[in-house]
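Okay, data-v5.pdb is below, PDB, C-alpha atoms (C1' of nucleotides):
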ATOM      1  CA  MET A1303      40.975  28.860 -48.078  1.00  0.00           C
ATOM      2  CA  LEU A1304      42.848  32.112 -48.323  1.00  0.00           C
ATOM      3  CA  ALA A1305      42.705  33.487 -44.807  1.00  0.00           C
ATOM      4  CA  LEU A1306      43.143  37.003 -46.145  1.00  0.00           C
ATOM      5  CA  ALA A1307      40.103  36.796 -48.372  1.00  0.00           C
ATOM      6  CA  ASP A1308      37.571  37.924 -45.792  1.00  0.00           C
ATOM      7  CA  PRO A1309      37.236  41.627 -44.868  1.00  0.00           C
ATOM      8  CA  THR A1310      36.436  40.834 -41.237  1.00  0.00           C
ATOM      9  CA  ARG A1311      39.671  38.899 -40.940  1.00  0.00           C
ATOM     10  CA  ARG A1312      41.632  41.695 -42.568  1.00  0.00           C
ATOM     11  CA  ALA A1313      40.103  44.122 -40.071  1.00  0.00           C
ATOM     12  CA  ILE A1314      41.114  41.813 -37.238  1.00  0.00           C
ATOM     13  CA  LEU A1315      44.689  41.743 -38.512  1.00  0.00           C
ATOM     14  CA  GLN A1316      44.680  45.495 -38.785  1.00  0.00           C
ATOM     15  CA  ARG A1317      43.417  45.828 -35.215  1.00  0.00           C
ATOM     16  CA  LEU A1318      46.089  43.441 -33.987  1.00  0.00           C
ATOM     17  CA  GLY A1319      48.635  45.617 -35.725  1.00  0.00           C
ATOM     18  CA  THR A1320      48.016  48.149 -32.958  1.00  0.00           C
ATOM     19  CA  GLY A1321      48.603  45.606 -30.185  1.00  0.00           C
ATOM     20  CA  GLU A1322      47.333  42.366 -28.716  1.00  0.00           C
ATOM     21  CA  ALA A1323      43.701  41.897 -27.764  1.00  0.00           C
ATOM     22  CA  ARG A1324      41.256  39.367 -26.340  1.00  0.00           C
ATOM     23  CA  VAL A1325      38.608  37.629 -28.416  1.00  0.00           C
ATOM     24  CA  THR A1326      35.911  39.844 -26.890  1.00  0.00           C
ATOM     25  CA  ASP A1327      37.911  42.992 -27.682  1.00  0.00           C
ATOM     26  CA  LEU A1328      38.355  41.882 -31.266  1.00  0.00           C
ATOM     27  CA  ALA A1329      34.668  41.052 -31.612  1.00  0.00           C
ATOM     28  CA  ALA A1330      33.364  44.327 -30.166  1.00  0.00           C
ATOM     29  CA  PRO A1331      33.513  46.489 -33.330  1.00  0.00           C
ATOM     30  CA  PHE A1332      31.679  43.946 -35.452  1.00  0.00           C
ATOM     31  CA  ALA A1333      27.946  43.615 -35.920  1.00  0.00           C
ATOM     32  CA  MET A1334      28.133  39.883 -35.592  1.00  0.00           C
ATOM     33  CA  SER A1335      28.177  37.304 -32.826  1.00  0.00           C
ATOM     34  CA  LEU A1336      31.252  36.697 -30.705  1.00  0.00           C
ATOM     35  CA  ASN A1337      31.036  33.174 -31.992  1.00  0.00           C
ATOM     36  CA  ALA A1338      31.499  34.251 -35.586  1.00  0.00           C
ATOM     37  CA  VAL A1339      34.571  36.277 -34.673  1.00  0.00           C
ATOM     38  CA  SER A1340      35.944  33.337 -32.727  1.00  0.00           C
ATOM     39  CA  LYS A1341      35.708  31.321 -35.936  1.00  0.00           C
ATOM     40  CA  HIS A1342      37.559  33.979 -37.928  1.00  0.00           C
ATOM     41  CA  ILE A1343      40.286  34.029 -35.324  1.00  0.00           C
ATOM     42  CA  ARG A1344      40.671  30.279 -35.549  1.00  0.00           C
ATOM     43  CA  ILE A1345      41.112  30.577 -39.300  1.00  0.00           C
ATOM     44  CA  LEU A1346      43.772  33.268 -38.890  1.00  0.00           C
ATOM     45  CA  GLU A1347      45.441  31.049 -36.314  1.00  0.00           C
ATOM     46  CA  ARG A1348      45.411  28.019 -38.612  1.00  0.00           C
ATOM     47  CA  ALA A1349      46.991  30.222 -41.256  1.00  0.00           C
ATOM     48  CA  ALA A1350      49.669  31.134 -38.689  1.00  0.00           C
ATOM     49  CA  LEU A1351      48.932  34.803 -39.158  1.00  0.00           C
ATOM     50  CA  VAL A1352      47.948  35.149 -35.512  1.00  0.00           C
ATOM     51  CA  GLN A1353      49.183  33.704 -32.229  1.00  0.00           C
ATOM     52  CA  ARG A1354      47.143  32.812 -29.160  1.00  0.00           C
ATOM     53  CA  ARG A1355      48.368  33.071 -25.576  1.00  0.00           C
ATOM     54  CA  ARG A1356      46.062  31.916 -22.819  1.00  0.00           C
ATOM     55  CA  ASN A1357      45.914  33.980 -19.696  1.00  0.00           C
ATOM     56  CA  GLY A1358      43.449  32.276 -17.370  1.00  0.00           C
ATOM     57  CA  ARG A1359      40.086  32.435 -19.026  1.00  0.00           C
ATOM     58  CA  GLU A1360      41.204  35.094 -21.483  1.00  0.00           C
ATOM     59  CA  HIS A1361      42.707  34.206 -24.839  1.00  0.00           C
ATOM     60  CA  VAL A1362      45.087  36.953 -25.880  1.00  0.00           C
ATOM     61  CA  LEU A1363      45.721  37.243 -29.615  1.00  0.00           C
ATOM     62  CA  SER A1364      48.650  38.872 -31.352  1.00  0.00           C
ATOM     63  CA  LEU A1365      50.088  38.995 -34.857  1.00  0.00           C
ATOM     64  CA  ASN A1366      52.485  36.210 -35.659  1.00  0.00           C
ATOM     65  CA  PRO A1367      55.751  37.953 -36.566  1.00  0.00           C
ATOM     66  CA  ALA A1368      56.954  35.132 -38.832  1.00  0.00           C
ATOM     67  CA  PRO A1369      54.049  33.955 -40.953  1.00  0.00           C
ATOM     68  CA  LEU A1370      54.883  30.850 -42.963  1.00  0.00           C
ATOM     69  CA  ASP A1371      51.415  29.982 -44.177  1.00  0.00           C
ATOM     70  CA  GLU A1372      50.243  29.612 -47.712  1.00  0.00           C
ATOM     71  CA  ALA A1373      48.998  33.171 -47.912  1.00  0.00           C
ATOM     72  CA  ALA A1374      52.305  34.624 -46.883  1.00  0.00           C
ATOM     73  CA  ALA A1375      54.216  32.330 -49.199  1.00  0.00           C
ATOM     74  CA  TRP A1376      51.960  33.369 -51.999  1.00  0.00           C
ATOM     75  CA  ILE A1377      52.499  37.039 -51.257  1.00  0.00           C
ATOM     76  CA  GLU A1378      56.222  36.458 -51.376  1.00  0.00           C
ATOM     77  CA  SER A1379      55.942  34.647 -54.703  1.00  0.00           C
ATOM     78  CA  GLN A1380      53.792  37.431 -56.083  1.00  0.00           C
ATOM     79  CA  ARG A1381      55.857  40.236 -54.633  1.00  0.00           C
ATOM     80  CA  GLN A1382      57.799  40.839 -57.815  1.00  0.00           C
ATOM     81  CA  PHE A1383      54.592  40.882 -59.781  1.00  0.00           C
ATOM     82  CA  TRP A1384      53.047  43.485 -57.542  1.00  0.00           C
ATOM     83  CA  ASN A1385      56.188  45.526 -56.992  1.00  0.00           C
ATOM     84  CA  ALA A1386      56.406  45.960 -60.729  1.00  0.00           C
ATOM     85  CA  ARG A1387      52.974  47.539 -60.637  1.00  0.00           C
ATOM     86  CA  LEU A1388      52.994  49.437 -57.364  1.00  0.00           C
ATOM     87  CA  ASP A1389      54.437  52.585 -58.889  1.00  0.00           C
ATOM     88  CA  ALA A1390      51.505  52.973 -61.253  1.00  0.00           C
ATOM     89  CA  LEU A1391      49.165  51.873 -58.500  1.00  0.00           C
ATOM     90  CA  GLU A1392      50.483  54.443 -56.057  1.00  0.00           C
ATOM     91  CA  ALA A1393      50.096  57.193 -58.592  1.00  0.00           C
ATOM     92  CA  ALA A1394      46.568  56.121 -59.377  1.00  0.00           C
ATOM     93  CA  LEU A1395      45.606  55.850 -55.729  1.00  0.00           C
ATOM     94  CA  ALA A1396      47.130  59.231 -54.961  1.00  0.00           C
ATOM     95  CA  GLU A1397      44.749  60.790 -57.466  1.00  0.00           C
ATOM     96  CA  HIS A1398      41.877  59.217 -55.601  1.00  0.00           C
ATOM     97  CA  GLU A1399      42.859  60.760 -52.263  1.00  0.00           C
ATOM     98  CA  ASP A1400      41.100  64.111 -52.462  1.00  0.00           C
TER      99      ASP A1400
ATOM    100  CA  MET B1454      34.534  38.940 -53.707  1.00  0.00           C
ATOM    101  CA  LEU B1455      38.300  39.107 -53.592  1.00  0.00           C
ATOM    102  CA  ALA B1456      39.365  38.276 -57.112  1.00  0.00           C
ATOM    103  CA  LEU B1457      42.754  37.132 -55.848  1.00  0.00           C
ATOM    104  CA  ALA B1458      41.283  34.546 -53.496  1.00  0.00           C
ATOM    105  CA  ASP B1459      41.111  31.724 -56.033  1.00  0.00           C
ATOM    106  CA  PRO B1460      44.258  29.768 -56.989  1.00  0.00           C
ATOM    107  CA  THR B1461      43.076  29.327 -60.569  1.00  0.00           C
ATOM    108  CA  ARG B1462      42.759  33.094 -60.945  1.00  0.00           C
ATOM    109  CA  ARG B1463      46.193  33.643 -59.427  1.00  0.00           C
ATOM    110  CA  ALA B1464      47.602  31.154 -61.925  1.00  0.00           C
ATOM    111  CA  ILE B1465      45.879  33.010 -64.752  1.00  0.00           C
ATOM    112  CA  LEU B1466      47.422  36.281 -63.602  1.00  0.00           C
ATOM    113  CA  GLN B1467      50.805  34.629 -63.404  1.00  0.00           C
ATOM    114  CA  ARG B1468      50.409  33.260 -66.920  1.00  0.00           C
ATOM    115  CA  LEU B1469      49.399  36.684 -68.214  1.00  0.00           C
ATOM    116  CA  GLY B1470      52.532  38.045 -66.590  1.00  0.00           C
ATOM    117  CA  THR B1471      54.454  36.299 -69.387  1.00  0.00           C
ATOM    118  CA  GLY B1472      52.347  37.888 -72.136  1.00  0.00           C
ATOM    119  CA  GLU B1473      48.842  38.167 -73.486  1.00  0.00           C
ATOM    120  CA  ALA B1474      46.779  35.109 -74.323  1.00  0.00           C
ATOM    121  CA  ARG B1475      43.396  33.993 -75.623  1.00  0.00           C
ATOM    122  CA  VAL B1476      40.737  32.418 -73.443  1.00  0.00           C
ATOM    123  CA  THR B1477      41.495  29.002 -74.922  1.00  0.00           C
ATOM    124  CA  ASP B1478      45.208  29.428 -74.243  1.00  0.00           C
ATOM    125  CA  LEU B1479      44.546  30.381 -70.660  1.00  0.00           C
ATOM    126  CA  ALA B1480      42.186  27.459 -70.171  1.00  0.00           C
ATOM    127  CA  ALA B1481      44.500  24.819 -71.649  1.00  0.00           C
ATOM    128  CA  PRO B1482      46.621  24.060 -68.536  1.00  0.00           C
ATOM    129  CA  PHE B1483      43.604  23.581 -66.294  1.00  0.00           C
ATOM    130  CA  ALA B1484      41.665  20.380 -65.716  1.00  0.00           C
ATOM    131  CA  MET B1485      38.383  22.227 -65.972  1.00  0.00           C
ATOM    132  CA  SER B1486      36.031  23.306 -68.688  1.00  0.00           C
ATOM    133  CA  LEU B1487      36.741  26.301 -70.898  1.00  0.00           C
ATOM    134  CA  ASN B1488      33.527  27.646 -69.507  1.00  0.00           C
ATOM    135  CA  ALA B1489      34.857  27.692 -65.959  1.00  0.00           C
ATOM    136  CA  VAL B1490      37.984  29.546 -67.032  1.00  0.00           C
ATOM    137  CA  SER B1491      35.875  32.019 -68.965  1.00  0.00           C
ATOM    138  CA  LYS B1492      34.069  32.759 -65.707  1.00  0.00           C
ATOM    139  CA  HIS B1493      37.319  33.296 -63.830  1.00  0.00           C
ATOM    140  CA  ILE B1494      38.483  35.665 -66.532  1.00  0.00           C
ATOM    141  CA  ARG B1495      35.279  37.644 -66.236  1.00  0.00           C
ATOM    142  CA  ILE B1496      35.879  37.998 -62.503  1.00  0.00           C
ATOM    143  CA  LEU B1497      39.443  39.193 -63.044  1.00  0.00           C
ATOM    144  CA  GLU B1498      38.095  41.594 -65.629  1.00  0.00           C
ATOM    145  CA  ARG B1499      35.423  42.950 -63.289  1.00  0.00           C
ATOM    146  CA  ALA B1500      38.184  43.486 -60.741  1.00  0.00           C
ATOM    147  CA  ALA B1501      40.104  45.429 -63.406  1.00  0.00           C
ATOM    148  CA  LEU B1502      43.096  43.163 -62.975  1.00  0.00           C
ATOM    149  CA  VAL B1503      42.840  42.067 -66.587  1.00  0.00           C
ATOM    150  CA  GLN B1504      41.993  43.728 -69.887  1.00  0.00           C
ATOM    151  CA  ARG B1505      40.189  42.245 -72.861  1.00  0.00           C
ATOM    152  CA  ARG B1506      40.865  43.127 -76.484  1.00  0.00           C
ATOM    153  CA  ARG B1507      38.705  41.515 -79.130  1.00  0.00           C
ATOM    154  CA  ASN B1508      40.398  40.378 -82.285  1.00  0.00           C
ATOM    155  CA  GLY B1509      37.707  38.868 -84.448  1.00  0.00           C
ATOM    156  CA  ARG B1510      36.400  35.810 -82.691  1.00  0.00           C
ATOM    157  CA  GLU B1511      39.373  35.706 -80.362  1.00  0.00           C
ATOM    158  CA  HIS B1512      39.367  37.529 -77.055  1.00  0.00           C
ATOM    159  CA  VAL B1513      42.919  38.466 -76.147  1.00  0.00           C
ATOM    160  CA  LEU B1514      43.561  39.012 -72.456  1.00  0.00           C
ATOM    161  CA  SER B1515      46.373  40.963 -70.837  1.00  0.00           C
ATOM    162  CA  LEU B1516      47.228  42.255 -67.391  1.00  0.00           C
ATOM    163  CA  ASN B1517      45.807  45.639 -66.606  1.00  0.00           C
ATOM    164  CA  PRO B1518      48.833  47.815 -65.904  1.00  0.00           C
ATOM    165  CA  ALA B1519      46.908  50.185 -63.624  1.00  0.00           C
ATOM    166  CA  PRO B1520      44.638  48.168 -61.361  1.00  0.00           C
ATOM    167  CA  LEU B1521      42.277  50.321 -59.370  1.00  0.00           C
ATOM    168  CA  ASP B1522      40.006  47.680 -57.937  1.00  0.00           C
ATOM    169  CA  GLU B1523      39.323  46.806 -54.337  1.00  0.00           C
ATOM    170  CA  ALA B1524      41.899  44.057 -54.255  1.00  0.00           C
ATOM    171  CA  ALA B1525      44.668  46.316 -55.450  1.00  0.00           C
ATOM    172  CA  ALA B1526      43.618  49.090 -53.109  1.00  0.00           C
ATOM    173  CA  TRP B1527      43.683  46.641 -50.266  1.00  0.00           C
ATOM    174  CA  ILE B1528      47.139  45.440 -51.199  1.00  0.00           C
ATOM    175  CA  GLU B1529      48.321  49.011 -51.185  1.00  0.00           C
ATOM    176  CA  SER B1530      46.762  49.653 -47.782  1.00  0.00           C
ATOM    177  CA  GLN B1531      48.331  46.495 -46.442  1.00  0.00           C
ATOM    178  CA  ARG B1532      51.667  47.035 -48.055  1.00  0.00           C
ATOM    179  CA  GLN B1533      53.203  48.631 -44.985  1.00  0.00           C
ATOM    180  CA  PHE B1534      51.906  45.801 -42.866  1.00  0.00           C
ATOM    181  CA  TRP B1535      53.500  43.204 -45.103  1.00  0.00           C
ATOM    182  CA  ASN B1536      56.668  45.123 -45.817  1.00  0.00           C
ATOM    183  CA  ALA B1537      57.299  45.261 -42.088  1.00  0.00           C
ATOM    184  CA  ARG B1538      57.204  41.496 -42.075  1.00  0.00           C
ATOM    185  CA  LEU B1539      58.823  40.606 -45.369  1.00  0.00           C
ATOM    186  CA  ASP B1540      62.326  40.536 -43.909  1.00  0.00           C
ATOM    187  CA  ALA B1541      61.429  37.797 -41.447  1.00  0.00           C
ATOM    188  CA  LEU B1542      59.354  36.138 -44.128  1.00  0.00           C
ATOM    189  CA  GLU B1543      62.183  36.136 -46.636  1.00  0.00           C
ATOM    190  CA  ALA B1544      64.558  34.648 -44.107  1.00  0.00           C
ATOM    191  CA  ALA B1545      62.054  31.979 -43.212  1.00  0.00           C
ATOM    192  CA  LEU B1546      61.303  31.166 -46.839  1.00  0.00           C
ATOM    193  CA  ALA B1547      65.023  31.032 -47.642  1.00  0.00           C
ATOM    194  CA  GLU B1548      65.437  28.300 -45.057  1.00  0.00           C
ATOM    195  CA  HIS B1549      62.710  26.361 -46.796  1.00  0.00           C
ATOM    196  CA  GLU B1550      64.487  26.454 -50.145  1.00  0.00           C
ATOM    197  CA  ASP B1551      66.744  23.445 -49.838  1.00  0.00           C
TER     198      ASP B1551
ATOM    199  C1'  DC C   3      29.550  26.583  -3.690  1.00  0.00           C
ATOM    200  C1'  DC C   4      27.256  29.274  -7.071  1.00  0.00           C
ATOM    201  C1'  DT C   5      27.340  32.579 -10.466  1.00  0.00           C
ATOM    202  C1'  DT C   6      29.394  35.282 -13.857  1.00  0.00           C
ATOM    203  C1'  DC C   7      32.575  35.899 -17.506  1.00  0.00           C
ATOM    204  C1'  DA C   8      35.451  34.320 -21.604  1.00  0.00           C
ATOM    205  C1'  DT C   9      35.581  31.233 -24.910  1.00  0.00           C
ATOM    206  C1'  DT C  10      34.771  27.151 -27.664  1.00  0.00           C
ATOM    207  C1'  DC C  11      31.912  23.230 -29.526  1.00  0.00           C
ATOM    208  C1'  DA C  12      28.175  21.346 -32.180  1.00  0.00           C
ATOM    209  C1'  DA C  13      24.375  21.627 -35.066  1.00  0.00           C
ATOM    210  C1'  DC C  14      22.172  24.028 -38.298  1.00  0.00           C
ATOM    211  C1'  DC C  15      20.822  27.514 -42.172  1.00  0.00           C
ATOM    212  C1'  DT C  16      21.522  30.355 -46.305  1.00  0.00           C
ATOM    213  C1'  DA C  17      24.094  32.619 -49.820  1.00  0.00           C
ATOM    214  C1'  DT C  18      27.917  32.252 -52.577  1.00  0.00           C
ATOM    215  C1'  DT C  19      31.445  29.914 -55.120  1.00  0.00           C
ATOM    216  C1'  DG C  20      33.322  27.082 -58.409  1.00  0.00           C
ATOM    217  C1'  DG C  21      32.150  23.791 -61.248  1.00  0.00           C
ATOM    218  C1'  DT C  22      29.168  21.353 -64.994  1.00  0.00           C
ATOM    219  C1'  DA C  23      26.457  20.843 -69.516  1.00  0.00           C
ATOM    220  C1'  DG C  24      24.130  22.495 -73.349  1.00  0.00           C
ATOM    221  C1'  DA C  25      22.351  26.181 -76.286  1.00  0.00           C
ATOM    222  C1'  DA C  26      23.352  30.650 -78.390  1.00  0.00           C
ATOM    223  C1'  DT C  27      26.300  34.056 -80.852  1.00  0.00           C
ATOM    224  C1'  DA C  28      29.605  35.524 -83.888  1.00  0.00           C
ATOM    225  C1'  DT C  29      33.674  35.229 -86.700  1.00  0.00           C
ATOM    226  C1'  DG C  30      36.626  32.707 -89.973  1.00  0.00           C
ATOM    227  C1'  DA C  31      37.534  29.172 -93.508  1.00  0.00           C
ATOM    228  C1'  DG C  32      36.457  26.304 -97.457  1.00  0.00           C
TER     229       DG C  32
ATOM    230  C1'  DC D1114      26.146  28.646 -97.781  1.00  0.00           C
ATOM    231  C1'  DT D1115      27.935  25.640 -94.470  1.00  0.00           C
ATOM    232  C1'  DC D1116      30.830  24.051 -91.078  1.00  0.00           C
ATOM    233  C1'  DA D1117      34.256  24.606 -87.560  1.00  0.00           C
ATOM    234  C1'  DT D1118      36.186  27.605 -84.040  1.00  0.00           C
ATOM    235  C1'  DA D1119      36.119  30.918 -80.102  1.00  0.00           C
ATOM    236  C1'  DT D1120      33.579  32.496 -76.676  1.00  0.00           C
ATOM    237  C1'  DT D1121      29.648  33.610 -73.855  1.00  0.00           C
ATOM    238  C1'  DC D1122      24.903  32.836 -71.899  1.00  0.00           C
ATOM    239  C1'  DT D1123      21.725  30.293 -69.212  1.00  0.00           C
ATOM    240  C1'  DA D1124      20.335  27.160 -66.188  1.00  0.00           C
ATOM    241  C1'  DC D1125      21.698  23.844 -62.850  1.00  0.00           C
ATOM    242  C1'  DC D1126      24.384  21.426 -58.963  1.00  0.00           C
ATOM    243  C1'  DA D1127      27.452  20.368 -54.959  1.00  0.00           C
ATOM    244  C1'  DA D1128      30.571  22.074 -51.727  1.00  0.00           C
ATOM    245  C1'  DT D1129      31.971  25.662 -48.869  1.00  0.00           C
ATOM    246  C1'  DA D1130      31.883  30.050 -46.242  1.00  0.00           C
ATOM    247  C1'  DG D1131      30.005  32.850 -43.060  1.00  0.00           C
ATOM    248  C1'  DG D1132      26.637  33.441 -40.100  1.00  0.00           C
ATOM    249  C1'  DT D1133      23.190  31.985 -36.267  1.00  0.00           C
ATOM    250  C1'  DT D1134      21.738  29.831 -31.656  1.00  0.00           C
ATOM    251  C1'  DG D1135      22.200  27.032 -27.645  1.00  0.00           C
ATOM    252  C1'  DA D1136      24.890  24.043 -24.821  1.00  0.00           C
ATOM    253  C1'  DA D1137      29.532  22.930 -22.866  1.00  0.00           C
ATOM    254  C1'  DT D1138      33.975  24.076 -20.685  1.00  0.00           C
ATOM    255  C1'  DG D1139      36.735  26.374 -17.559  1.00  0.00           C
ATOM    256  C1'  DA D1140      38.598  30.145 -14.804  1.00  0.00           C
ATOM    257  C1'  DA D1141      37.414  34.131 -11.373  1.00  0.00           C
ATOM    258  C1'  DG D1142      34.844  36.349  -7.818  1.00  0.00           C
ATOM    259  C1'  DG D1143      31.659  36.842  -3.916  1.00  0.00           C
TER     260       DG D1143
END

Kindly present the structure from the file in structure tokens form.
Amino acid sequence: MLALADPTRRAILQRLGTGEARVTDLAAPFAMSLNAVSKHIRILERAALVQRRRNGREHVLSLNPAPLDEAAAWIESQRQFWNARLDALEAALAEHED
Amino acid sequence: MLALADPTRRAILQRLGTGEARVTDLAAPFAMSLNAVSKHIRILERAALVQRRRNGREHVLSLNPAPLDEAAAWIESQRQFWNARLDALEAALAEHED
DNA sequence: CCTTCATTCAACCTATTGGTAGAATATGAG
DNA sequence: CTCATATTCTACCAATAGGTTGAATGAAGG
């Protein structure tokens, strides 16, 4: 599975970009059960995109600063491909920002 | 759906990076029916990652040089996130290349 | 202790995905 | 015309993903 494929998981990563958070904190914005979010977190953890630190009964999540999972490796392998197209992409996206 | 989520589709994009190709050409390397590959191509096309030009009975596919789909937009939005981590990632991946 | 809070585990359900096979369409070749 | 080639269309199927609920675990607080 590509951990980055799901929009909920991407949102979780984005949230963690602003600082660490507990499972409950991460779940709050979503219209789905805590349980479902817990599952997404586990997937991000398996993909080594996210780290877990246990503080008593709270599980504190943070971004893993050195991702080595398949997704990251793939991004690296595709970086040239995308870089070659990001100029055109940026221009096109700029037009859309009105 | 994230068009980039499937490894077959990523392989197709990679192949198209080396030049345009017909459906049959694209399907050849895969241990799956032509039909399945045709479906993948349609998904890449819907995501505007790939263009189709019809030449008689042959459908010639090529990379779309200006992707504007959700996947591309997401990559752009996440680019900062990844760029901030690509240094560590590159170092880590370099170690793996032995 | 007992209860509350934070989280996971286990079982289950449904929609989607990725694949198949076979028929249909349309172009090209003899 | 007829046949082969290139591709899609139309079911159909099995596995998986993403969600649910309810019970289990385990730490904190009165």

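Residues with any atom within 10 Å of region 1116-1126 of chain D, counting all atoms listed in the file and excluding same-chain neighbours fewer than 5 positions away, are B:Arg1475, B:Val1476, B:Thr1477, B:Leu1487, B:Asn1488, B:Ser1491, B:Lys1492, B:Gly1509, B:Arg1510, B:Glu1511, B:His1512, C:DG21, C:DT22, C:DA23, C:DG24, C:DA25, C:DA26, C:DT27, C:DA28, C:DT29, C:DG30, C:DA31, C:DG32.
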
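When the PyMOL selection byres ((chain B and resi 1490) around 10) is evaluated on the file shown here, the picked residues come out as Thr1461, Arg1462, Ile1465, Val1476, Thr1477, Leu1479, Ala1480, Ala1481, Phe1483, Ala1484, Met1485, Ser1486, Leu1487, Asn1488, Ala1489, Ser1491, Lys1492, His1493, Ile1494, Arg1495 and Ile1496 of chain B.
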
field: Nearest-residue call for chain C, choices B:Glu1473, B:Pro1482, B:Leu1457, B:Asn1508, using only C-alpha atoms (C1' of nucleotides)
entry: B:Asn1508

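In terms of minimum interatomic distance to chain A, D:DT1134 ranks closest within D:DG1142, D:DC1114, D:DA1127, D:DT1134, counting all atoms listed in the file.
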
- prompt: Given the file above and the PyMOL selection byres ((chain D) within 12 of (chain A)), which residues are selected, and can you give them as a list in words?
  reply: DT1129, DA1130, DG1131, DG1132, DT1133, DT1134, DG1135, DT1138, DG1139, DA1140 and DA1141 of chain D

- prompt: Can you list, as a PyMOL selection string, every protein, DNA or RNA residue that comes within 10 Å of DA12 (chain C) when you count only C-alpha atoms (C1' of nucleotides), leaving out same-chain residues fewer than 2 positions away?
  reply: (chain C and resi 10+14) or (chain D and resi 1135-1137)

Sorted by chain and rising residue number, which residues of chain C lie within 9 Å of chain A, and what are their closest atom pairs and distances in Å to one decimal, counting all atoms listed in the file, as a Markdown table?
| residue | atom | partner | partner_atom | distance |
| --- | --- | --- | --- | --- |
| C:DC7 | C1' | A:Arg1359 | CA | 8.4 |
| C:DA8 | C1' | A:Arg1359 | CA | 5.6 |
| C:DT9 | C1' | A:Arg1359 | CA | 7.5 |
| C:DT10 | C1' | A:Ser1340 | CA | 8.1 |

Write the residues of the preceding selection, restricted to C-alpha atoms (C1' of nucleotides), as a PDB file, keeping the file's coordinate frame.
ATOM      1  C1'  DC C   7      32.575  35.899 -17.506  1.00  0.00           C
ATOM      2  C1'  DA C   8      35.451  34.320 -21.604  1.00  0.00           C
ATOM      3  C1'  DT C   9      35.581  31.233 -24.910  1.00  0.00           C
ATOM      4  C1'  DT C  10      34.771  27.151 -27.664  1.00  0.00           C
TER       5       DT C  10
END

Give the centre and edge lengths of an axis-aligned box, in Å to one decimal, that holds all listed atoms of region 1137-1140 of chain D with 6 Å on each side, as lines of an AutoDock Vina configuration file.
center_x = 34.1
center_y = 26.5
center_z = -18.8
size_x = 21.1
size_y = 19.2
size_z = 20.1

statement: The distance between CA of Gly1472 (chain B) and CA of Leu1516 (chain B) is 8.2 Å

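Taking CA of Ser1515 (chain B) and CA of Ala1474 (chain B) as endpoints, the distance between them is 6.8 Å.
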
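Interatomic distance, CA of Val1352 (chain A) against CA of Ala1313 (chain A): 12.8 Å.
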
query: Any idea what's packed within 9 Å of Gln1504 (chain B), counting all atoms listed in the file, ignoring anything in its chain fewer than 6 positions away? Could you give it as a ChimeraX atom specification?
result: /B:1497-1498,1513-1518
